[in-house]
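Novice: Contents of start.cif (mmCIF, C-alpha atoms, pLDDT in the B column; chains and numbers go by the auth columns):
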```cif
data_input
#
loop_
_atom_site.group_PDB
_atom_site.id
_atom_site.type_symbol
_atom_site.label_atom_id
_atom_site.label_comp_id
_atom_site.label_asym_id
_atom_site.label_seq_id
_atom_site.Cartn_x
_atom_site.Cartn_y
_atom_site.Cartn_z
_atom_site.B_iso_or_equiv
_atom_site.auth_seq_id
_atom_site.auth_asym_id
ATOM 1 C CA MET A 1 -114.092 -174.471 -41.474 78.00 240 F
ATOM 2 C CA GLU A 2 -114.658 -171.430 -39.238 81.00 241 F
ATOM 3 C CA GLU A 3 -117.398 -173.273 -37.381 88.00 242 F
ATOM 4 C CA PHE A 4 -115.000 -176.172 -36.720 90.00 243 F
ATOM 5 C CA ILE A 5 -112.269 -173.751 -35.557 90.00 244 F
ATOM 6 C CA ASN A 6 -114.680 -171.885 -33.268 89.00 245 F
ATOM 7 C CA LYS A 7 -115.704 -175.213 -31.701 91.00 246 F
ATOM 8 C CA LYS A 8 -112.022 -176.055 -31.109 91.00 247 F
ATOM 9 C CA ILE A 9 -111.332 -172.617 -29.629 90.00 248 F
ATOM 10 C CA LYS A 10 -114.169 -173.077 -27.143 91.00 249 F
ATOM 11 C CA GLN A 11 -112.622 -176.409 -26.161 92.00 250 F
ATOM 12 C CA ILE A 12 -109.170 -174.808 -25.839 91.00 251 F
ATOM 13 C CA LYS A 13 -110.588 -172.083 -23.600 90.00 252 F
ATOM 14 C CA LYS A 14 -111.891 -174.885 -21.355 91.00 253 F
ATOM 15 C CA GLY A 15 -108.357 -176.330 -21.161 89.00 254 F
ATOM 16 C CA ASP A 16 -108.480 -179.008 -23.876 90.00 255 F
ATOM 17 C CA GLN A 17 -104.900 -179.333 -25.112 91.00 256 F
ATOM 18 C CA ASN A 18 -105.859 -181.917 -27.748 93.00 257 F
ATOM 19 C CA ALA A 19 -108.091 -179.316 -29.396 92.00 258 F
ATOM 20 C CA PHE A 20 -105.132 -176.933 -29.498 93.00 259 F
ATOM 21 C CA ALA A 21 -102.997 -179.660 -31.103 94.00 260 F
ATOM 22 C CA GLU A 22 -105.661 -180.028 -33.803 94.00 261 F
ATOM 23 C CA VAL A 23 -105.640 -176.277 -34.473 93.00 262 F
ATOM 24 C CA VAL A 24 -101.843 -176.282 -34.677 94.00 263 F
ATOM 25 C CA GLU A 25 -101.985 -179.179 -37.119 95.00 264 F
ATOM 26 C CA LEU A 26 -104.417 -177.259 -39.338 94.00 265 F
ATOM 27 C CA TYR A 27 -102.404 -174.032 -39.424 95.00 266 F
ATOM 28 C CA LYS A 28 -98.762 -175.046 -38.913 95.00 267 F
ATOM 29 C CA ASP A 29 -97.807 -175.258 -42.599 95.00 268 F
ATOM 30 C CA LYS A 30 -99.544 -172.006 -43.540 94.00 269 F
ATOM 31 C CA ILE A 31 -97.987 -170.116 -40.644 95.00 270 F
ATOM 32 C CA PHE A 32 -94.533 -171.554 -41.360 95.00 271 F
ATOM 33 C CA GLN A 33 -94.815 -170.593 -45.042 93.00 272 F
ATOM 34 C CA LEU A 34 -95.904 -167.074 -44.130 93.00 273 F
ATOM 35 C CA CYS A 35 -92.947 -166.690 -41.757 93.00 274 F
ATOM 36 C CA TYR A 36 -90.541 -168.192 -44.280 92.00 275 F
ATOM 37 C CA ARG A 37 -91.681 -165.826 -47.018 90.00 276 F
ATOM 38 C CA MET A 38 -91.279 -162.892 -44.667 90.00 277 F
ATOM 39 C CA LEU A 39 -87.900 -163.913 -43.241 90.00 278 F
ATOM 40 C CA GLY A 40 -86.252 -165.975 -45.980 87.00 279 F
ATOM 41 C CA ASN A 41 -84.682 -168.366 -43.496 89.00 280 F
ATOM 42 C CA VAL A 42 -86.006 -171.792 -42.513 91.00 281 F
ATOM 43 C CA HIS A 43 -84.650 -171.705 -38.963 92.00 282 F
ATOM 44 C CA GLU A 44 -86.008 -168.255 -38.194 92.00 283 F
ATOM 45 C CA ALA A 45 -89.344 -169.151 -39.786 94.00 284 F
ATOM 46 C CA GLU A 46 -89.600 -172.244 -37.575 95.00 285 F
ATOM 47 C CA ASP A 47 -88.796 -170.159 -34.487 95.00 286 F
ATOM 48 C CA ILE A 48 -91.305 -167.447 -35.323 95.00 287 F
ATOM 49 C CA ALA A 49 -94.038 -169.926 -36.288 96.00 288 F
ATOM 50 C CA GLN A 50 -93.531 -171.706 -32.977 96.00 289 F
ATOM 51 C CA GLU A 51 -93.610 -168.380 -31.132 96.00 290 F
ATOM 52 C CA ALA A 52 -96.855 -167.499 -32.948 96.00 291 F
ATOM 53 C CA PHE A 53 -98.520 -170.686 -31.691 95.00 292 F
ATOM 54 C CA ILE A 54 -97.246 -170.043 -28.170 95.00 293 F
ATOM 55 C CA ARG A 55 -98.742 -166.536 -28.311 95.00 294 F
ATOM 56 C CA VAL A 56 -102.025 -167.960 -29.609 94.00 295 F
ATOM 57 C CA TYR A 57 -102.177 -170.447 -26.751 93.00 296 F
ATOM 58 C CA MET A 58 -101.248 -167.867 -24.115 93.00 297 F
ATOM 59 C CA ASN A 59 -103.758 -165.299 -25.421 93.00 298 F
ATOM 60 C CA ILE A 60 -106.602 -167.555 -26.589 92.00 299 F
ATOM 61 C CA HIS A 61 -108.889 -166.086 -23.923 91.00 300 F
ATOM 62 C CA SER A 62 -108.586 -162.652 -25.554 92.00 301 F
ATOM 63 C CA PHE A 63 -109.635 -163.968 -28.983 90.00 302 F
ATOM 64 C CA ASP A 64 -112.906 -162.417 -30.176 89.00 303 F
ATOM 65 C CA MET A 65 -115.110 -165.294 -31.358 89.00 304 F
ATOM 66 C CA ASN A 66 -116.914 -162.905 -33.736 89.00 305 F
ATOM 67 C CA LYS A 67 -113.733 -162.540 -35.813 89.00 306 F
ATOM 68 C CA LYS A 68 -111.963 -165.018 -38.073 91.00 307 F
ATOM 69 C CA PHE A 69 -109.333 -167.073 -36.266 92.00 308 F
ATOM 70 C CA SER A 70 -107.160 -167.233 -39.396 92.00 309 F
ATOM 71 C CA THR A 71 -106.956 -163.439 -39.499 92.00 310 F
ATOM 72 C CA TRP A 72 -105.929 -163.347 -35.854 94.00 311 F
ATOM 73 C CA ILE A 73 -103.191 -165.962 -36.151 95.00 312 F
ATOM 74 C CA TYR A 74 -101.876 -164.429 -39.403 94.00 313 F
ATOM 75 C CA ARG A 75 -101.668 -161.049 -37.658 94.00 314 F
ATOM 76 C CA ILE A 76 -99.674 -162.575 -34.797 95.00 315 F
ATOM 77 C CA ALA A 77 -97.276 -164.373 -37.176 95.00 316 F
ATOM 78 C CA THR A 78 -96.888 -161.314 -39.419 94.00 317 F
ATOM 79 C CA ASN A 79 -96.166 -158.994 -36.501 93.00 318 F
ATOM 80 C CA LEU A 80 -93.650 -161.423 -35.003 95.00 319 F
ATOM 81 C CA SER A 81 -91.938 -161.721 -38.409 92.00 320 F
ATOM 82 C CA ILE A 82 -91.744 -157.960 -38.796 91.00 321 F
ATOM 83 C CA ASP A 83 -90.332 -157.669 -35.270 90.00 322 F
ATOM 84 C CA ARG A 84 -87.671 -160.266 -36.129 90.00 323 F
ATOM 85 C CA ILE A 85 -86.749 -158.406 -39.316 86.00 324 F
ATOM 86 C CA ARG A 86 -86.294 -155.185 -37.365 84.00 325 F
ATOM 87 C CA LYS A 87 -84.188 -156.825 -34.652 83.00 326 F
ATOM 88 C CA LYS A 88 -82.320 -159.106 -37.009 70.00 327 F
ATOM 89 C CA LYS A 89 -78.835 -160.034 -35.963 55.00 328 F
ATOM 90 C CA PRO A 90 -76.356 -161.773 -38.231 52.00 329 F
ATOM 91 C CA ASP A 91 -77.220 -165.429 -38.603 51.00 330 F
ATOM 92 C CA TYR A 92 -74.913 -168.353 -39.183 52.00 331 F
ATOM 93 C CA TYR A 93 -76.830 -171.254 -40.605 54.00 332 F
ATOM 94 C CA LEU A 94 -75.890 -173.893 -43.137 54.00 333 F
ATOM 95 C CA ASP A 95 -78.433 -172.459 -45.565 57.00 334 F
ATOM 96 C CA ALA A 96 -77.041 -168.938 -45.198 60.00 335 F
ATOM 97 C CA GLU A 97 -75.113 -167.576 -48.157 61.00 336 F
ATOM 98 C CA VAL A 98 -71.337 -167.820 -47.753 56.00 337 F
ATOM 99 C CA ALA A 99 -69.636 -164.421 -47.977 56.00 338 F
ATOM 100 C CA GLY A 100 -67.465 -163.948 -51.057 57.00 339 F
ATOM 101 C CA THR A 101 -69.279 -166.592 -53.090 60.00 340 F
ATOM 102 C CA ASP A 102 -71.920 -166.097 -55.721 62.00 341 F
ATOM 103 C CA GLY A 103 -74.944 -167.492 -53.911 62.00 342 F
ATOM 104 C CA LEU A 104 -73.264 -170.583 -52.447 63.00 343 F
ATOM 105 C CA THR A 105 -74.315 -171.940 -49.076 60.00 344 F
ATOM 106 C CA MET A 106 -72.631 -174.397 -46.757 56.00 345 F
ATOM 107 C CA TYR A 107 -75.086 -177.001 -48.045 55.00 346 F
ATOM 108 C CA SER A 108 -73.553 -176.591 -51.485 57.00 347 F
ATOM 109 C CA GLN A 109 -70.363 -178.060 -50.058 53.00 348 F
ATOM 110 C CA VAL A 110 -72.144 -181.289 -49.103 54.00 349 F
ATOM 111 C CA SER A 111 -72.133 -183.853 -51.911 52.00 350 F
ATOM 112 C CA SER A 112 -75.418 -185.128 -53.259 55.00 351 F
ATOM 113 C CA ASP A 113 -76.166 -188.569 -54.662 55.00 352 F
ATOM 114 C CA ILE A 114 -79.016 -187.277 -56.825 56.00 353 F
ATOM 115 C CA ALA A 115 -78.387 -185.038 -59.851 52.00 354 F
ATOM 116 C CA MET A 116 -81.318 -182.665 -60.368 60.00 355 F
ATOM 117 C CA PRO A 117 -82.694 -182.148 -63.859 69.00 356 F
ATOM 118 C CA GLU A 118 -81.691 -178.860 -65.456 74.00 357 F
ATOM 119 C CA LYS A 119 -85.214 -177.430 -65.667 73.00 358 F
ATOM 120 C CA GLU A 120 -85.893 -178.150 -62.017 76.00 359 F
ATOM 121 C CA VAL A 121 -82.674 -176.393 -61.068 76.00 360 F
ATOM 122 C CA GLU A 122 -83.646 -173.371 -63.187 79.00 361 F
ATOM 123 C CA ALA A 123 -87.090 -173.217 -61.563 77.00 362 F
ATOM 124 C CA ILE A 124 -85.550 -173.418 -58.095 80.00 363 F
ATOM 125 C CA GLU A 125 -83.046 -170.692 -58.980 83.00 364 F
ATOM 126 C CA LEU A 126 -85.839 -168.457 -60.273 80.00 365 F
ATOM 127 C CA GLN A 127 -87.860 -168.996 -57.081 82.00 366 F
ATOM 128 C CA GLU A 128 -84.795 -168.233 -54.968 85.00 367 F
ATOM 129 C CA THR A 129 -84.120 -165.082 -56.975 85.00 368 F
ATOM 130 C CA ILE A 130 -87.692 -163.885 -56.560 85.00 369 F
ATOM 131 C CA GLN A 131 -87.594 -164.721 -52.837 86.00 370 F
ATOM 132 C CA LYS A 132 -84.343 -162.745 -52.416 87.00 371 F
ATOM 133 C CA GLU A 133 -85.879 -159.771 -54.198 88.00 372 F
ATOM 134 C CA ILE A 134 -89.006 -159.970 -52.009 89.00 373 F
ATOM 135 C CA LEU A 135 -86.734 -159.921 -48.958 89.00 374 F
ATOM 136 C CA LYS A 136 -85.186 -156.660 -50.218 90.00 375 F
ATOM 137 C CA LEU A 137 -88.558 -154.908 -50.191 90.00 376 F
ATOM 138 C CA PRO A 138 -89.314 -152.576 -47.264 91.00 377 F
ATOM 139 C CA ASP A 139 -91.310 -154.300 -44.488 89.00 378 F
ATOM 140 C CA LYS A 140 -94.577 -152.546 -45.327 91.00 379 F
ATOM 141 C CA TYR A 141 -94.460 -153.734 -48.961 93.00 380 F
ATOM 142 C CA ARG A 142 -93.013 -157.176 -48.219 92.00 381 F
ATOM 143 C CA SER A 143 -95.815 -158.080 -45.829 92.00 382 F
ATOM 144 C CA VAL A 144 -98.624 -157.179 -48.246 93.00 383 F
ATOM 145 C CA ILE A 145 -96.902 -158.874 -51.204 92.00 384 F
ATOM 146 C CA VAL A 146 -96.410 -162.095 -49.220 91.00 385 F
ATOM 147 C CA LEU A 147 -99.948 -162.075 -47.838 91.00 386 F
ATOM 148 C CA ARG A 148 -101.548 -161.257 -51.212 91.00 387 F
ATOM 149 C CA TYR A 149 -99.565 -163.283 -53.739 87.00 388 F
ATOM 150 C CA ILE A 150 -98.036 -166.102 -51.752 85.00 389 F
ATOM 151 C CA GLU A 151 -100.663 -166.681 -49.075 86.00 390 F
ATOM 152 C CA GLU A 152 -103.401 -165.601 -51.564 87.00 391 F
ATOM 153 C CA LEU A 153 -105.420 -163.679 -48.997 90.00 392 F
ATOM 154 C CA SER A 154 -108.110 -161.190 -49.928 92.00 393 F
ATOM 155 C CA LEU A 155 -107.597 -157.450 -49.584 94.00 394 F
ATOM 156 C CA GLN A 156 -110.089 -157.449 -46.701 93.00 395 F
ATOM 157 C CA GLU A 157 -108.181 -160.198 -44.850 92.00 396 F
ATOM 158 C CA ILE A 158 -104.881 -158.383 -45.351 93.00 397 F
ATOM 159 C CA ALA A 159 -106.431 -155.146 -44.078 94.00 398 F
ATOM 160 C CA GLU A 160 -107.663 -156.955 -40.957 92.00 399 F
ATOM 161 C CA ILE A 161 -104.342 -158.742 -40.357 91.00 400 F
ATOM 162 C CA LEU A 162 -102.274 -155.568 -40.697 92.00 401 F
ATOM 163 C CA GLU A 163 -104.972 -153.363 -39.156 92.00 402 F
ATOM 164 C CA LEU A 164 -104.885 -150.977 -42.115 94.00 403 F
ATOM 165 C CA PRO A 165 -107.564 -149.429 -44.336 96.00 404 F
ATOM 166 C CA ILE A 166 -108.154 -151.334 -47.595 95.00 405 F
ATOM 167 C CA GLY A 167 -107.022 -148.277 -49.576 95.00 406 F
ATOM 168 C CA THR A 168 -103.652 -148.375 -47.827 95.00 407 F
ATOM 169 C CA VAL A 169 -103.351 -152.101 -48.524 95.00 408 F
ATOM 170 C CA LYS A 170 -104.100 -151.529 -52.225 96.00 409 F
ATOM 171 C CA THR A 171 -101.526 -148.727 -52.385 96.00 410 F
ATOM 172 C CA ARG A 172 -98.868 -150.829 -50.693 95.00 411 F
ATOM 173 C CA ILE A 173 -99.553 -153.786 -52.979 94.00 412 F
ATOM 174 C CA HIS A 174 -99.279 -151.533 -56.024 95.00 413 F
ATOM 175 C CA ARG A 175 -96.052 -149.896 -54.812 95.00 414 F
ATOM 176 C CA GLY A 176 -94.618 -153.233 -53.695 93.00 415 F
ATOM 177 C CA ARG A 177 -95.340 -154.757 -57.107 93.00 416 F
ATOM 178 C CA GLU A 178 -93.737 -151.796 -58.849 93.00 417 F
ATOM 179 C CA ALA A 179 -90.640 -152.038 -56.644 92.00 418 F
ATOM 180 C CA LEU A 180 -90.447 -155.795 -57.253 90.00 419 F
ATOM 181 C CA ARG A 181 -90.910 -155.280 -60.988 90.00 420 F
ATOM 182 C CA LYS A 182 -87.981 -152.824 -61.031 91.00 421 F
ATOM 183 C CA GLN A 183 -85.817 -155.229 -59.029 89.00 422 F
ATOM 184 C CA LEU A 184 -86.649 -158.142 -61.362 87.00 423 F
ATOM 185 C CA ARG A 185 -86.140 -156.231 -64.623 87.00 424 F
ATOM 186 C CA HIS A 186 -82.902 -158.127 -65.278 78.00 425 F
ATOM 187 C CA LEU A 187 -84.712 -161.504 -65.541 71.00 426 F
#
```
Would it be possible to restate this file's structure as structure tokens?
Specialist:
Amino acid sequence: MEEFINKKIKQIKKGDQNAFAEVVELYKDKIFQLCYRMLGNVHEAEDIAQEAFIRVYMNIHSFDMNKKFSTWIYRIATNLSIDRIRKKKPDYYLDAEVAGTDGLTMYSQVSSDIAMPEKEVEAIELQETIQKEILKLPDKYRSVIVLRYIEELSLQEIAEILELPIGTVKTRIHRGREALRKQLRHL
């Protein structure tokens, strides 16, 4: 896979936009999922994922071919997500929770033709609860938890993405898990 990506990057550096489209196609879902897990909002995740690919394209000449491309693009997406979290302004989207309601969104006001089975609804609710609790974690714990358990990256990859020593990554994962465990005690 890395050999294929390196070949595409060489083509991109020569101006081949089709090669860039292929790279985007390979990574778009992973980058979107990473951003979504960090931000908890589809619209913001789409924006940040798109911004990550723009940054990749604009800075492809600075990419070190001796390093893994996936680590580089994950670092860009993670940093952009953290920046968005820090600068976050109130958002008004249909999937945003309506104030004064117990978890209802504007989508919940739209009728549906399909009734979901009870178990599927429970699973979705559990996932949403866990996602909300992950979003409550401090940035430094949220990023390692998302990268480790949702993106299933190795400790070494996380250390490279976040530019941290492995020991720090391990500590943050441990503390993030403990904080998440405390938050999810009620389940």
Novice: Go through F:Met304, F:Val281, F:Leu401, F:Ile299 and flag the residue nearest Asp378 in chain F, using all atoms listed in the file for the distances.
Specialist: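 With all atoms listed in the file as the atom set, the closest residue is F:Leu401.
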Novice: Suppose you want the space between CA of Leu278 in chain F and CA of Glu364 in chain F; what is it in Å?
Specialist: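 Taking CA of Leu278 in chain F and CA of Glu364 in chain F, their separation equals 17.8 Å.
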Novice: Between F:Ile315, F:Leu426, F:Ile251, F:Leu365, which has the minimum distance to Glu402 in chain F (counting only C-alpha atoms)?
Specialist: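 With only C-alpha atoms as the atom set, the closest residue is F:Ile315.
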Novice: Could you tell me which of F:Ser320, F:Gln289, F:Ser309, F:Ser393 comes closest to Leu265 in chain F if we count only C-alpha atoms?
Specialist: F:Ser309
Novice: Rank nothing, just name the residue among F:Arg416, F:Asp268, F:Asn280, F:Lys379 nearest to Leu403 in chain F, using only C-alpha atoms.
Specialist: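 Ranked by minimum distance to Leu403 in chain F, first place goes to F:Lys379.
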Novice: Residue by residue, what does the PyMOL selection byres ((chain F and resi 316) around 7) grab here? Present the result as a PyMOL selection string.
Specialist: chain F and resi 270+274+287-288+291+312-315+317-320
Novice: Set the distance at 10 Å and use all atoms listed in the file: which residues neighbour Leu423 in chain F once local chain neighbours fewer than 4 positions away are removed? I'd like the list as a list in words.
Specialist: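 After dropping sequence-adjacent residues, the list is Thr368, Ile369, Glu372, Ile373, Glu417, Ala418 and Leu419 of chain F.
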Novice: With all atoms listed in the file as the basis for distance, which of F:Thr410, F:Gly415, F:Glu359, F:Glu390 is at the shortest distance from Pro377 in chain F?
Specialist: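 Among the listed residues, F:Gly415 lies closest to Pro377 in chain F.
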Novice: Could you give me the centre and size, in Å to one decimal, of an axis-aligned box around all listed atoms of range 268-271 of chain F with 8 Å added on every side, as lines of an AutoDock Vina configuration file?
Specialist:
```
center_x = -97.0
center_y = -172.7
center_z = -42.1
size_x = 21.0
size_y = 21.1
size_z = 18.9
```
Novice: Give the answer as one residue: which of F:Glu242, F:Tyr275, F:Asp255, F:Glu261 has the shortest atom-to-atom distance to Lys371 in chain F, using only C-alpha atoms?
Specialist: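 For Lys371 in chain F, the nearest of the candidates is F:Tyr275.
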Novice: For a quick check of your reading of the model, name the residues lying within 12 Å of the coordinate (-104.9, -164.3, -47.5), counting only C-alpha atoms, and write them as a CSV table (one decimal) with C-alpha atoms, in the frame of the given file.
Specialist:
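Final file, result.csv:
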```csv
chain,number,residue,atom,x,y,z
F,269,LYS,CA,-99.5,-172.0,-43.5
F,270,ILE,CA,-98.0,-170.1,-40.6
F,273,LEU,CA,-95.9,-167.1,-44.1
F,307,LYS,CA,-112.0,-165.0,-38.1
F,309,SER,CA,-107.2,-167.2,-39.4
F,310,THR,CA,-107.0,-163.4,-39.5
F,311,TRP,CA,-105.9,-163.3,-35.9
F,312,ILE,CA,-103.2,-166.0,-36.2
F,313,TYR,CA,-101.9,-164.4,-39.4
F,314,ARG,CA,-101.7,-161.0,-37.7
F,317,THR,CA,-96.9,-161.3,-39.4
F,382,SER,CA,-95.8,-158.1,-45.8
F,383,VAL,CA,-98.6,-157.2,-48.2
F,384,ILE,CA,-96.9,-158.9,-51.2
F,385,VAL,CA,-96.4,-162.1,-49.2
F,386,LEU,CA,-99.9,-162.1,-47.8
F,387,ARG,CA,-101.5,-161.3,-51.2
F,388,TYR,CA,-99.6,-163.3,-53.7
F,389,ILE,CA,-98.0,-166.1,-51.8
F,390,GLU,CA,-100.7,-166.7,-49.1
F,391,GLU,CA,-103.4,-165.6,-51.6
F,392,LEU,CA,-105.4,-163.7,-49.0
F,393,SER,CA,-108.1,-161.2,-49.9
F,394,LEU,CA,-107.6,-157.4,-49.6
F,395,GLN,CA,-110.1,-157.4,-46.7
F,396,GLU,CA,-108.2,-160.2,-44.8
F,397,ILE,CA,-104.9,-158.4,-45.4
F,398,ALA,CA,-106.4,-155.1,-44.1
F,399,GLU,CA,-107.7,-157.0,-41.0
F,400,ILE,CA,-104.3,-158.7,-40.4
F,401,LEU,CA,-102.3,-155.6,-40.7
```
Novice: Quick one, how far is CA of Arg294 in chain F from CA of Ala258 in chain F?
Specialist: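 It comes out at 15.9 Å.
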Novice: Between CA of Met240 in chain F and CA of Val262 in chain F, measure the distance and give it in Å to one decimal.
Specialist: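 So the answer is 11.1 Å.
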